[in-house]
6 protein chains.
Amino acid sequence: MSELTHFDAAGNAIMVDVTEKKCTERIAIACGSIAMNQETFDTVRNRTAKKGDVLGVARVAGIMAAKRTWELIPMCHPLMLTKCTIDFELDEKLFKIKAIATTKVTGQTGVEMEALTAATTTLLTIYDMCKAMDRSMEISEIHLMKKDGGKSGLFERS
Amino acid sequence: MSELTHFDAAGNAIMVDVTEKKCTERIAIACGSIAMNQETFDTVRNRTAKKGDVLGVARVAGIMAAKRTWELIPMCHPLMLTKCTIDFELDEKLFKIKAIATTKVTGQTGVEMEALTAATTTLLTIYDMCKAMDRSMEISEIHLMKKDGGKSGLFERS
Amino acid sequence: MSELTHFDAAGNAIMVDVTEKKCTERIAIACGSIAMNQETFDTVRNRTAKKGDVLGVARVAGIMAAKRTWELIPMCHPLMLTKCTIDFELDEKLFKIKAIATTKVTGQTGVEMEALTAATTTLLTIYDMCKAMDRSMEISEIHLMKKDGGKSGLFERS
Amino acid sequence: MSELTHFDAAGNAIMVDVTEKKCTERIAIACGSIAMNQETFDTVRNRTAKKGDVLGVARVAGIMAAKRTWELIPMCHPLMLTKCTIDFELDEKLFKIKAIATTKVTGQTGVEMEALTAATTTLLTIYDMCKAMDRSMEISEIHLMKKDGGKSGLFERS
Amino acid sequence: MSELTHFDAAGNAIMVDVTEKKCTERIAIACGSIAMNQETFDTVRNRTAKKGDVLGVARVAGIMAAKRTWELIPMCHPLMLTKCTIDFELDEKLFKIKAIATTKVTGQTGVEMEALTAATTTLLTIYDMCKAMDRSMEISEIHLMKKDGGKSGLFERS
Amino acid sequence: MSELTHFDAAGNAIMVDVTEKKCTERIAIACGSIAMNQETFDTVRNRTAKKGDVLGVARVAGIMAAKRTWELIPMCHPLMLTKCTIDFELDEKLFKIKAIATTKVTGQTGVEMEALTAATTTLLTIYDMCKAMDRSMEISEIHLMKKDGGKSGLFERS
């Protein structure tokens, strides 16, 4: 049963012992997208340039959620994020908004769950603020883009 | 600027006033999927029947996150969930696990964000517990399946 | 599998559906004790009358924890406590401090977990504040003393 | 010792029993100000109209804190806010920013602590975001402007 | 008043200054038991081998609570757990379940409160999930079994 | 736009990258005051010497809030406080209570927001516990008194 590191030999869930792991600089980048109808997309895009900034509120939510990842994901270790940013890319043809979260830490465990949680919460907040206009929005393509630092080294995926 | 209900006339984000809304029984069902490689999928599936239960841990995480939705999503109203369940469907051909969250409340606002947050956190927890085997897992198809109760009435989408 | 109400027919953990339950006034009283050596007991007792009040700090911790019970206990429903008090009884012969927590709510579920969590957190806080004097303290006899309101009616145990 | 309602007859802190109180519509408005040097004030003001919106971030923080008031203030009852808004007034002569928080609930206790916590957290967030420019900023004039609903009725202060 | 380290010379509660303490590897093991009637005990034991796993849910709750110890116990320092596990021992004669929590950290303070909080929350969760079958369950024998690391060195108690 | 460090070049709010900053010992002292009518002031003062200790409860609230500063202030980094104390000064002529919070950490960012949040929450708790006697209390003069450690060095203000 050694494949799943979050369980002991008897199959019990554990918060893995990382006491002996080296404290190194670690980075993770994760992203995800939300697709909406054209009217909603246009409303969000037009407002980012002025007041009523949906993406501004969603960014704050994503950053705040990143810091609380270990409260939400049961076997995640608590860690002290040293950086969190959220960037957006707007796909004007497919009416999709992509959220890209970057997280860093100097610690004993990686920050990929923090990046994934930040991206996801950002997208859920966009959903919440736009749901009165479009209840059929769909969140998808949530994945890890890059991870570096620690024993497993560099991982990259476009 | 009336389309986006989470902003006032001046474009400031607000937690909408629902004081006058009726207290009714409300339900929401939301889902999402995580795709993984065959080896990881088989490991998760085989363990659900015995010890080392990835889906069991993920279900607990999803239910606990549902209750804290209003802490994560800035403009969500606090509410007292009266039900939350998480069900899984395993797609043996595409190596995907679908999480379906059902939430209920008797209150003044809907519970779709709670269902979406529950489904999403469930999937993020699966990612966390399996990431040592497969870092390329992707979470997608997160959407509202059904919503009922309140002024806007029934919404359904397969 | 009907005996354990926190699981569905398939054995999955659930937050039970209480949507249809009546909103009634409910009360619970729970208690527990911490035993310590005489020197520590005397120090705590002497300070309750003046500054350096261990029991005063522990009481605040217990009341604050009661409000967060549903964040800690996975299948607990969120609820809005309408009362929480912590009382102490000092056993001068056995060097034990008993914490008694009373909780009330007008709601669809009982508040026994809130009373138990309040009593327990109170005792853990006493442990924390006294552990430099006595690491062998023991917390015991945590149980529900009384419960009333709701379908199951009155329960009492001395 | 009847003057301080948050203590029992023996002087122990309590979360007051409100089980018997009527469920009524309640509103509170509270405010506070932060004074800064002219350069910082001008920077904040100029950015509210475009990107880099200090006040937008502070507003989100204030609304989120309002919902968690009962986690911070020990004897506060948990309650389900039905409205929270934050408005700003800029004093161009004194280089002060005033934050005004409005909170509502239909419940058994008032929402003045929620309004005060919202206003205060909003101002602390402005401090945080501007402290690299001016460490001598001062937060003051935090008070309740209006309160209505419940047994004690209307309170107003300019 | 030097015996109780969590108070200053004037008797005021303080979060002790540990800034100067060495960062060392620390471990703590704590346990506690819950006694129940035979029918409930048999139900819990029989389910641990299959679906409807009470102990699996309780273990997740205990691990998650360990990470939030400093939020619950007022004078506890925040720290970044590097390990948390929960093991169970079933006493088939006395119908008791013993929960044993092990916590580790590399830090300036010990992790005994984390181990005690983990064990206690695990037991409270068992109570919650079984209370429909037996309201007279009792939690007891909560104590520190072992502590090592830091200036005070090794402590052991069976 | 370089003046406000909490925004990137495009004006997006960010949690600043401190990964490269040195881990140094940092201290901050912040204070604030609450003014009340004479009767309320006398009640609070007389009780601090015995049971019914308003300031004791407020101190606990302040210390607990300090640890959660990064949950409340969106762009604050999580950090592990190594010290937090709250002291009071009573102004018998102006009927004001001053709360002084001292915080320390060995880390990559300063602790001034923690000190300010601790002082503010302490004052809000005093407000809460006295509001039945005086709804016109005002909190003011919240400012940083001292800060040391880190690149920006010593800051002092009386």
# chains A, B, ... in the order shown; residues from 1 in each chain; ligands from 1

$ residues_around --residues "Glu138 in chain F" --least-positions-apart "5" --cutoff "6 Å" --atoms "only C-alpha atoms" --output "PyMOL selection string"
(chain D and resi 142-143) or (chain F and resi 34-35)

$ residues_around --residues "Val18 in chain F" --least-positions-apart "3" --cutoff "12 Å" --atoms "only C-alpha atoms" --output "list in words"
Glu25, Met80, Leu81, Thr82, Lys83, Cys84, Thr103, Lys104, Val105 and Thr106 of chain A; Thr5, His6, Ile14, Met15, Lys21, Lys22, Cys23, Cys76, His77, Pro78, Leu79, Gly107, Gln108, Thr109, Gly110, Gly150 and Lys151 of chain F

$ write_last_selection --atoms "N, CA and C atoms" --output "PDB file, in the first residue's frame"
ATOM      1  N   GLU A  25      13.159  26.251  -0.645  1.00  0.00           N
ATOM      2  CA  GLU A  25      12.242  27.171  -1.303  1.00  0.00           C
ATOM      3  C   GLU A  25      11.401  26.382  -2.303  1.00  0.00           C
ATOM      4  N   MET A  80       3.496  28.368   6.104  1.00  0.00           N
ATOM      5  CA  MET A  80       3.446  29.826   6.101  1.00  0.00           C
ATOM      6  C   MET A  80       3.802  30.356   4.729  1.00  0.00           C
ATOM      7  N   LEU A  81       2.777  30.535   3.895  1.00  0.00           N
ATOM      8  CA  LEU A  81       2.980  31.057   2.542  1.00  0.00           C
ATOM      9  C   LEU A  81       3.818  32.330   2.573  1.00  0.00           C
ATOM     10  N   THR A  82       4.775  32.423   1.662  1.00  0.00           N
ATOM     11  CA  THR A  82       5.558  33.658   1.553  1.00  0.00           C
ATOM     12  C   THR A  82       5.162  34.470   0.322  1.00  0.00           C
ATOM     13  N   LYS A  83       4.291  33.912  -0.513  1.00  0.00           N
ATOM     14  CA  LYS A  83       3.804  34.657  -1.669  1.00  0.00           C
ATOM     15  C   LYS A  83       2.516  34.021  -2.171  1.00  0.00           C
ATOM     16  N   CYS A  84       1.576  34.858  -2.615  1.00  0.00           N
ATOM     17  CA  CYS A  84       0.411  34.343  -3.338  1.00  0.00           C
ATOM     18  C   CYS A  84      -0.096  35.426  -4.270  1.00  0.00           C
ATOM     19  N   THR A 103       2.017  30.307  -5.804  1.00  0.00           N
ATOM     20  CA  THR A 103       2.282  30.282  -4.362  1.00  0.00           C
ATOM     21  C   THR A 103       3.731  29.893  -4.106  1.00  0.00           C
ATOM     22  N   LYS A 104       4.297  30.448  -3.052  1.00  0.00           N
ATOM     23  CA  LYS A 104       5.659  30.115  -2.665  1.00  0.00           C
ATOM     24  C   LYS A 104       5.763  29.917  -1.154  1.00  0.00           C
ATOM     25  N   VAL A 105       6.760  29.156  -0.755  1.00  0.00           N
ATOM     26  CA  VAL A 105       7.027  28.972   0.660  1.00  0.00           C
ATOM     27  C   VAL A 105       8.480  28.558   0.822  1.00  0.00           C
ATOM     28  N   THR A 106       9.060  28.823   1.972  1.00  0.00           N
ATOM     29  CA  THR A 106      10.305  28.175   2.359  1.00  0.00           C
ATOM     30  C   THR A 106       9.930  27.203   3.456  1.00  0.00           C
TER      31      THR A 106
ATOM     32  N   THR F   5       3.046  48.665  -1.855  1.00  0.00           N
ATOM     33  CA  THR F   5       3.715  47.392  -2.112  1.00  0.00           C
ATOM     34  C   THR F   5       2.749  46.220  -2.239  1.00  0.00           C
ATOM     35  N   HIS F   6       1.501  46.408  -1.834  1.00  0.00           N
ATOM     36  CA  HIS F   6       0.547  45.298  -1.889  1.00  0.00           C
ATOM     37  C   HIS F   6      -0.153  45.177  -3.244  1.00  0.00           C
ATOM     38  N   ILE F  14      -1.775  41.820  -4.287  1.00  0.00           N
ATOM     39  CA  ILE F  14      -0.942  40.620  -4.157  1.00  0.00           C
ATOM     40  C   ILE F  14      -0.524  40.413  -2.707  1.00  0.00           C
ATOM     41  N   MET F  15      -0.253  39.151  -2.367  1.00  0.00           N
ATOM     42  CA  MET F  15       0.429  38.877  -1.110  1.00  0.00           C
ATOM     43  C   MET F  15       1.897  38.891  -1.490  1.00  0.00           C
ATOM     44  N   LYS F  21      13.399  37.319   1.941  1.00  0.00           N
ATOM     45  CA  LYS F  21      13.705  38.147   3.112  1.00  0.00           C
ATOM     46  C   LYS F  21      14.330  37.319   4.232  1.00  0.00           C
ATOM     47  N   LYS F  22      15.187  37.972   4.995  1.00  0.00           N
ATOM     48  CA  LYS F  22      15.857  37.285   6.094  1.00  0.00           C
ATOM     49  C   LYS F  22      14.902  37.005   7.237  1.00  0.00           C
ATOM     50  N   CYS F  23      15.139  35.903   7.905  1.00  0.00           N
ATOM     51  CA  CYS F  23      14.374  35.520   9.082  1.00  0.00           C
ATOM     52  C   CYS F  23      15.013  36.211  10.289  1.00  0.00           C
ATOM     53  N   CYS F  76      -2.051  39.999   4.516  1.00  0.00           N
ATOM     54  CA  CYS F  76      -1.097  39.651   5.568  1.00  0.00           C
ATOM     55  C   CYS F  76      -0.570  38.229   5.374  1.00  0.00           C
ATOM     56  N   HIS F  77       0.721  38.058   5.626  1.00  0.00           N
ATOM     57  CA  HIS F  77       1.305  36.721   5.580  1.00  0.00           C
ATOM     58  C   HIS F  77       0.979  35.965   6.875  1.00  0.00           C
ATOM     59  N   PRO F  78       0.750  34.659   6.760  1.00  0.00           N
ATOM     60  CA  PRO F  78       0.631  33.870   7.990  1.00  0.00           C
ATOM     61  C   PRO F  78       1.981  33.879   8.702  1.00  0.00           C
ATOM     62  N   LEU F  79       1.958  33.913  10.016  1.00  0.00           N
ATOM     63  CA  LEU F  79       3.218  33.853  10.768  1.00  0.00           C
ATOM     64  C   LEU F  79       2.945  33.250  12.147  1.00  0.00           C
ATOM     65  N   GLY F 107      10.784  35.815  12.093  1.00  0.00           N
ATOM     66  CA  GLY F 107      10.215  35.500  10.785  1.00  0.00           C
ATOM     67  C   GLY F 107      10.631  36.477   9.709  1.00  0.00           C
ATOM     68  N   GLN F 108       9.954  36.352   8.566  1.00  0.00           N
ATOM     69  CA  GLN F 108      10.326  37.149   7.393  1.00  0.00           C
ATOM     70  C   GLN F 108       9.499  38.419   7.235  1.00  0.00           C
ATOM     71  N   THR F 109       8.453  38.574   8.057  1.00  0.00           N
ATOM     72  CA  THR F 109       7.646  39.787   7.969  1.00  0.00           C
ATOM     73  C   THR F 109       7.395  40.334   9.375  1.00  0.00           C
ATOM     74  N   GLY F 110       7.038  41.587   9.428  1.00  0.00           N
ATOM     75  CA  GLY F 110       6.811  42.247  10.705  1.00  0.00           C
ATOM     76  C   GLY F 110       5.500  41.844  11.347  1.00  0.00           C
ATOM     77  N   GLY F 150      13.893  43.518  11.057  1.00  0.00           N
ATOM     78  CA  GLY F 150      13.611  43.593   9.630  1.00  0.00           C
ATOM     79  C   GLY F 150      14.363  44.730   8.974  1.00  0.00           C
ATOM     80  N   LYS F 151      14.192  44.846   7.659  1.00  0.00           N
ATOM     81  CA  LYS F 151      14.987  45.788   6.871  1.00  0.00           C
ATOM     82  C   LYS F 151      14.704  47.253   7.222  1.00  0.00           C
TER      83      LYS F 151
END

$ closest_residue --among "C:Asp42, C:Glu141, C:Asp148, C:Asp53" --to "chain F" --atoms "only C-alpha atoms"
C:Asp53

$ select_by_dssp --residues "chain C" --states "strand (DSSP E)" --output "PyMOL selection string"
chain C and resi 24-35+83-91+96-107+138-148+155-156

$ write_last_selection --atoms "C-alpha atoms" --output "tab-separated table (two decimals), in the first residue's frame"
chain	number	residue	atom	x	y	z
C	24	THR	CA	-37.88	23.74	19.27
C	25	GLU	CA	-36.08	25.04	22.35
C	26	ARG	CA	-33.30	22.66	23.30
C	27	ILE	CA	-30.92	22.51	26.25
C	28	ALA	CA	-27.94	20.34	27.12
C	29	ILE	CA	-25.68	20.12	30.15
C	30	ALA	CA	-22.37	18.26	29.99
C	31	CYS	CA	-19.44	17.98	32.34
C	32	GLY	CA	-15.95	16.62	32.81
C	33	SER	CA	-13.15	16.75	35.36
C	34	ILE	CA	-9.42	17.29	35.53
C	35	ALA	CA	-7.36	15.78	38.34
C	83	LYS	CA	-26.79	30.51	25.66
C	84	CYS	CA	-23.52	29.09	26.94
C	85	THR	CA	-22.25	29.08	30.50
C	86	ILE	CA	-19.41	27.25	32.23
C	87	ASP	CA	-19.46	26.56	35.95
C	88	PHE	CA	-16.79	24.96	38.11
C	89	GLU	CA	-16.86	22.71	41.15
C	90	LEU	CA	-13.66	22.16	43.10
C	91	ASP	CA	-13.14	18.88	44.91
C	96	LYS	CA	-10.16	17.71	40.95
C	97	ILE	CA	-11.84	20.54	39.07
C	98	LYS	CA	-15.18	19.79	37.44
C	99	ALA	CA	-16.35	21.93	34.50
C	100	ILE	CA	-20.08	22.02	33.79
C	101	ALA	CA	-21.23	23.48	30.46
C	102	THR	CA	-24.82	24.50	29.73
C	103	THR	CA	-25.90	25.25	26.17
C	104	LYS	CA	-29.22	26.27	24.66
C	105	VAL	CA	-30.64	26.84	21.19
C	106	THR	CA	-33.94	27.27	19.43
C	107	GLY	CA	-33.36	25.01	16.46
C	138	GLU	CA	-5.77	13.58	33.73
C	139	ILE	CA	-9.08	14.62	32.17
C	140	SER	CA	-11.97	12.21	32.71
C	141	GLU	CA	-15.65	11.68	33.42
C	142	ILE	CA	-16.74	13.66	30.35
C	143	HIS	CA	-20.41	12.90	29.83
C	144	LEU	CA	-23.81	14.31	29.09
C	145	MET	CA	-25.70	15.16	32.30
C	146	LYS	CA	-28.97	16.36	30.81
C	147	LYS	CA	-30.60	16.99	27.48
C	148	ASP	CA	-34.09	18.24	26.75
C	155	PHE	CA	-32.37	12.54	29.15
C	156	GLU	CA	-30.80	12.79	32.56

$ interface_residues --of "chain D" --to "chain F" --cutoff "8 Å" --atoms "only C-alpha atoms" --output "PDB file with C-alpha atoms, in the first residue's frame"
ATOM      1  CA  GLU D   3     -25.186  46.379  35.288  1.00  0.00           C
ATOM      2  CA  LEU D   4     -22.862  44.226  33.215  1.00  0.00           C
ATOM      3  CA  THR D   5     -25.117  41.718  31.518  1.00  0.00           C
ATOM      4  CA  HIS D   6     -22.244  39.526  30.337  1.00  0.00           C
ATOM      5  CA  PHE D   7     -21.543  38.277  33.877  1.00  0.00           C
ATOM      6  CA  ALA D  10     -21.117  35.364  40.881  1.00  0.00           C
ATOM      7  CA  GLY D  11     -19.110  37.471  38.435  1.00  0.00           C
ATOM      8  CA  ASN D  12     -18.480  34.719  35.862  1.00  0.00           C
ATOM      9  CA  ALA D  13     -18.447  35.677  32.198  1.00  0.00           C
ATOM     10  CA  LYS D  51      -6.790  49.464 -10.655  1.00  0.00           C
ATOM     11  CA  GLY D  52      -4.920  49.084  -7.377  1.00  0.00           C
ATOM     12  CA  ASP D  53      -8.045  49.718  -5.406  1.00  0.00           C
ATOM     13  CA  VAL D  57      -9.837  45.217  -0.925  1.00  0.00           C
ATOM     14  CA  ALA D  61     -12.107  42.340   4.340  1.00  0.00           C
ATOM     15  CA  MET D  64     -15.853  38.957   5.623  1.00  0.00           C
ATOM     16  CA  ALA D  65     -14.918  39.971   9.181  1.00  0.00           C
ATOM     17  CA  LEU D  72     -13.551  37.046  17.679  1.00  0.00           C
ATOM     18  CA  ILE D  73     -15.634  38.617  20.440  1.00  0.00           C
ATOM     19  CA  PRO D  74     -15.951  35.975  23.185  1.00  0.00           C
ATOM     20  CA  MET D  75     -19.466  36.579  24.483  1.00  0.00           C
ATOM     21  CA  CYS D  76     -21.097  37.473  21.123  1.00  0.00           C
ATOM     22  CA  MET D 113     -20.738  44.328  17.234  1.00  0.00           C
ATOM     23  CA  LEU D 116     -18.180  47.759  14.625  1.00  0.00           C
ATOM     24  CA  THR D 117     -16.039  44.740  13.687  1.00  0.00           C
ATOM     25  CA  THR D 120     -12.612  48.263  12.274  1.00  0.00           C
ATOM     26  CA  THR D 121     -11.324  45.463  10.045  1.00  0.00           C
ATOM     27  CA  LEU D 124      -7.007  47.867   9.685  1.00  0.00           C
ATOM     28  CA  THR D 125      -6.820  46.592   6.097  1.00  0.00           C
ATOM     29  CA  ASP D 128      -1.931  47.244   6.185  1.00  0.00           C
ATOM     30  CA  MET D 129      -1.991  48.209   2.532  1.00  0.00           C
ATOM     31  CA  CYS D 130      -0.629  51.705   3.116  1.00  0.00           C
ATOM     32  CA  ALA D 132       4.838  51.020   3.590  1.00  0.00           C
ATOM     33  CA  MET D 133       4.075  54.673   2.811  1.00  0.00           C
ATOM     34  CA  ARG D 135       3.541  54.072   9.542  1.00  0.00           C
ATOM     35  CA  SER D 136       2.049  56.896  11.597  1.00  0.00           C
ATOM     36  CA  MET D 137      -1.519  56.469  10.432  1.00  0.00           C
ATOM     37  CA  GLU D 138      -4.061  56.574  13.234  1.00  0.00           C
ATOM     38  CA  ILE D 139      -7.451  54.883  13.473  1.00  0.00           C
ATOM     39  CA  SER D 140     -10.033  56.696  15.584  1.00  0.00           C
ATOM     40  CA  GLU D 141     -13.641  57.770  16.093  1.00  0.00           C
ATOM     41  CA  ILE D 142     -14.950  54.186  16.033  1.00  0.00           C
ATOM     42  CA  HIS D 143     -18.473  54.313  17.340  1.00  0.00           C
ATOM     43  CA  LEU D 144     -22.044  53.169  16.857  1.00  0.00           C
ATOM     44  CA  ARG D 157     -25.645  59.377  17.435  1.00  0.00           C
TER      45      ARG D 157
END

$ select_by_dssp --residues "range 40-126 of chain F" --states "helix (DSSP H, G or I)" --output "PyMOL selection string"
chain F and resi 40-48+54-67+69-72+112-126
